[in-house]
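Notes to accompany the following structure.
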Amino acid sequence: MSGSSGAKPMNLTLHVWRQSGPSAPGRIVDYPAKGISPDMSFLEMLDVVNEGLIEKGEEPIAFDHDCREGICGSCGVMINGAAHGPMKATTACQLHMRSFKDGDDIWIEPWRAKAFPVQKDLMVDRGAFDRIIQAGGYISAPTGTPQDANALPIAKEVADLAMDAASCIGCGACVAACKNASAMLFTAAKASQLNLLPQGQPEKDRRVLAMVAAMDEAGFGSCTNQYECSAVCPKQISHDFISKFNRDYFMATVRATFQQAPAVTTGGGA
Ligand code: SF4
Ligand code: FES
C-alpha cells in the first residue's frame with residue numbers, strides 16, 4: 001500500500017461503551033480489532049471494526065467525527081481513561097494506532113459529564129457549549145468591510161494571546177477531564193479571544209456575566225484549580241485564561257453592583 005510504513009499489523013481488544021439512546025442503560029462490550037495498521041488513525045481503526053460489525057448484521061459503534069484533522073472538535077472520547085487518549089496535544093482523530101502495542105486492551109468511553117448527556121454509544125450532546133457561546137461569545141458591533149491590517153494597532157503579544165484563546169475547538173475534553181466537570185477553560189478561552197481585543201471591549205462585562213450564567217445553568221461544575229483541563233487540551237489552551245477570566249468576572253460584578261446601587265445623595269434636602 002502506498003505510503004504505508006510496512007509496520008506489522010496489530011491485534012487489539014476493544015472494550016467499548018454501548019448505549020442505544022439517551023435514557024437507555026449502557027454497558028461495556030468487548031470487540032476484537034484484528035489486522036490494524038499502526039499507521040491508521042484511531043477513528044480509522046473504529047471504521048474497520050464497524051465494517052466488521054455491519055458485515056455481521058450488528059449495530060456499528062456510534063461516534064462523532066467530522067474534519068478528522070484536529071480542527072472541528074467533534075471526535076472526543078475517553079481512551080483508556082484519558083480524554084483524547086495517551087498523546088499530548090492530540091485529538092482522537094489525529095491519534096495513530098502506533099501509540100498502542102500489539103495485544104493491547106483499549107477502553108473507549110464517551111465524555112462523562114451531566115451537561116454532556118450521552119446520545120448514543122460514544123456520542124454526547126455538547127449543545128451546552130453552544131448555549132454558552134450564544135450567551136456572549138460574539139461581538140455585535142458592526143465591523144463593516146475588512147480593514148487594512150494596520151488600521152487598528154494591537155500589540156503583538158496581545159494579538160498572539162487572543163489567537164491562542166481562539167484556537168479552542170470546543171471539543172469538551174477539558175470538561176471530561178475535570179473532576180468537577182467544569183467548563184471554565186472552554187468559557188475562559190471563548191471569552192478571552194474577544195475580551196483581549198478592542199472590538200470586544202464594549203460588551204465585555206455583559207459577555208462575561210452572561211457566559212458564566214449560561215455555564216452554571218447548563219450544569220457544569222465549579223473550577224477548583226486542578227488544571228486537568230489544560231493538561232488534556234488538544235490545543236494546549238493555558239489555564240492562565242481561567243485566572244484572566246476570573247478577574248474579568250470580578251470586575252464585571254463590581255461594576256454591575258455599583259451601577260445598580262441607588263444614587264447616594266448628600267444632605268441639604270427640601
Ligand atoms: S479548552 Fe481545549 S479541551 Fe476545552 S474545549 Fe477548548 S480545545 Fe477542547
Ligand atoms: S474529527 Fe474534527 S477534531 Fe477530530
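Lettering and numbering for the C-alpha cells are positional, with chains as A, B, ... in the shown order, residues counted from 1 in each chain, and ligands counted from 1 in the shown order.
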Write out as a PyMOL selection string the set of residues from stretch 76-227 of chain A that DSSP, computed on the backbone, places in strand (DSSP E or B). chain A and resi 78-79+82-83+96+105-109+118-120+123-124+182+221
Only N, CA and C atoms, please: the residues just picked out, written as a tab-separated table (two decimals), in the first residue's frame.
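So the final result, stored in out07.tsv, reads:
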```tsv
chain	number	residue	atom	x	y	z
A	78	MET	N	-13.11	9.22	25.66
A	78	MET	CA	-12.12	8.78	26.65
A	78	MET	C	-11.47	7.50	26.13
A	79	ILE	N	-10.15	7.49	26.09
A	79	ILE	CA	-9.41	6.31	25.63
A	79	ILE	C	-8.49	5.89	26.77
A	82	ALA	N	-8.24	8.47	29.50
A	82	ALA	CA	-7.70	9.80	29.21
A	82	ALA	C	-8.50	10.45	28.09
A	83	ALA	N	-8.82	11.73	28.27
A	83	ALA	CA	-9.55	12.45	27.23
A	83	ALA	C	-8.69	12.55	25.98
A	96	HIS	N	-2.65	8.12	16.35
A	96	HIS	CA	-2.37	6.97	15.48
A	96	HIS	C	-2.23	5.70	16.29
A	105	ASP	N	-5.24	-3.94	25.32
A	105	ASP	CA	-6.66	-3.73	25.60
A	105	ASP	C	-6.90	-2.22	25.56
A	106	ILE	N	-7.96	-1.78	24.88
A	106	ILE	CA	-8.26	-0.34	24.81
A	106	ILE	C	-9.69	-0.12	25.26
A	107	TRP	N	-9.84	0.73	26.27
A	107	TRP	CA	-11.17	1.04	26.82
A	107	TRP	C	-11.62	2.37	26.23
A	108	ILE	N	-12.81	2.35	25.60
A	108	ILE	CA	-13.29	3.56	24.91
A	108	ILE	C	-14.67	3.93	25.48
A	109	GLU	N	-14.74	5.15	26.01
A	109	GLU	CA	-16.00	5.61	26.63
A	109	GLU	C	-16.31	7.03	26.17
A	118	VAL	N	-25.17	11.56	27.22
A	118	VAL	CA	-24.85	10.59	26.15
A	118	VAL	C	-26.07	10.47	25.23
A	119	GLN	N	-25.82	10.59	23.93
A	119	GLN	CA	-26.89	10.41	22.95
A	119	GLN	C	-26.95	8.96	22.48
A	120	LYS	N	-25.78	8.44	22.15
A	120	LYS	CA	-25.70	7.04	21.71
A	120	LYS	C	-24.23	6.61	21.77
A	123	MET	N	-21.26	9.04	21.53
A	123	MET	CA	-21.67	10.41	21.17
A	123	MET	C	-22.36	11.09	22.34
A	124	VAL	N	-21.94	12.32	22.62
A	124	VAL	CA	-22.62	13.11	23.65
A	124	VAL	C	-23.17	14.38	23.02
A	182	SER	N	-16.11	20.98	35.12
A	182	SER	CA	-16.17	22.43	34.93
A	182	SER	C	-15.86	22.79	33.49
A	221	GLY	N	-19.78	22.12	36.58
A	221	GLY	CA	-19.33	22.33	37.95
A	221	GLY	C	-18.41	23.54	38.07
```
Can you work out which residues are within 8 Å of ligand 2, considering only C-alpha atoms and all ligand atoms, and then hand them over as a VMD selection string? chain A and resid 64 to 76 91 to 94 169 171
Please write the residues from the selection above to a file, keeping C-alpha atoms, as a PDB file, in the first residue's frame.
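Result file is result-v1.pdb:
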```
ATOM      1  CA  ASP A  64     -18.816  11.737  16.453  1.00  0.00           C
ATOM      2  CA  HIS A  65     -16.390  12.945  13.814  1.00  0.00           C
ATOM      3  CA  ASP A  66     -16.199  15.497  11.053  1.00  0.00           C
ATOM      4  CA  CYS A  67     -12.884  17.011   9.941  1.00  0.00           C
ATOM      5  CA  ARG A  68     -10.567  14.208  11.092  1.00  0.00           C
ATOM      6  CA  GLU A  69      -7.871  16.887  11.020  1.00  0.00           C
ATOM      7  CA  GLY A  70      -7.953  18.085  14.621  1.00  0.00           C
ATOM      8  CA  ILE A  71      -9.892  21.269  13.913  1.00  0.00           C
ATOM      9  CA  CYS A  72     -13.628  20.657  14.375  1.00  0.00           C
ATOM     10  CA  GLY A  73     -13.678  19.334  17.939  1.00  0.00           C
ATOM     11  CA  SER A  74     -16.230  16.577  17.210  1.00  0.00           C
ATOM     12  CA  CYS A  75     -14.311  13.407  17.905  1.00  0.00           C
ATOM     13  CA  GLY A  76     -13.522  13.452  21.625  1.00  0.00           C
ATOM     14  CA  THR A  91      -7.271  14.885  19.210  1.00  0.00           C
ATOM     15  CA  ALA A  92      -8.662  11.355  18.933  1.00  0.00           C
ATOM     16  CA  CYS A  93      -8.808  11.709  15.142  1.00  0.00           C
ATOM     17  CA  GLN A  94      -5.117  12.605  14.998  1.00  0.00           C
ATOM     18  CA  ILE A 169     -12.008  23.804  19.090  1.00  0.00           C
ATOM     19  CA  CYS A 171     -14.083  19.518  21.937  1.00  0.00           C
TER      20      CYS A 171
END
```
Residues at most 8 Å from ligand 1, using only C-alpha atoms and all ligand atoms? Could they come as a count of residues only? 23
Write out as number ranges by chain the residues lying within 9 Å of stretch 138-150 of chain A, counting only C-alpha atoms and excluding same-chain residues fewer than 6 positions away. A: 190-191, 194, 199-200, 202-203, 207
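Counting only C-alpha atoms, the residue from A:Ala7, A:Met97, A:Ala177, A:Val158 that sits nearest to A:Glu228 is A:Ala177.
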One number please: atom CA of A:Asp240 to atom CA of A:Gln201, in Å, one decimal. 19.6 Å
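Using only C-alpha atoms for every distance, the candidate list A:Ala33, A:Val49, A:Ile28, A:Ala115 yields A:Ala33 as the residue closest to A:Thr13.
Atom pair atom CA of A:Trp111 / atom CA of A:Cys178 has a distance of 10.7 Å (rounded to one decimal).
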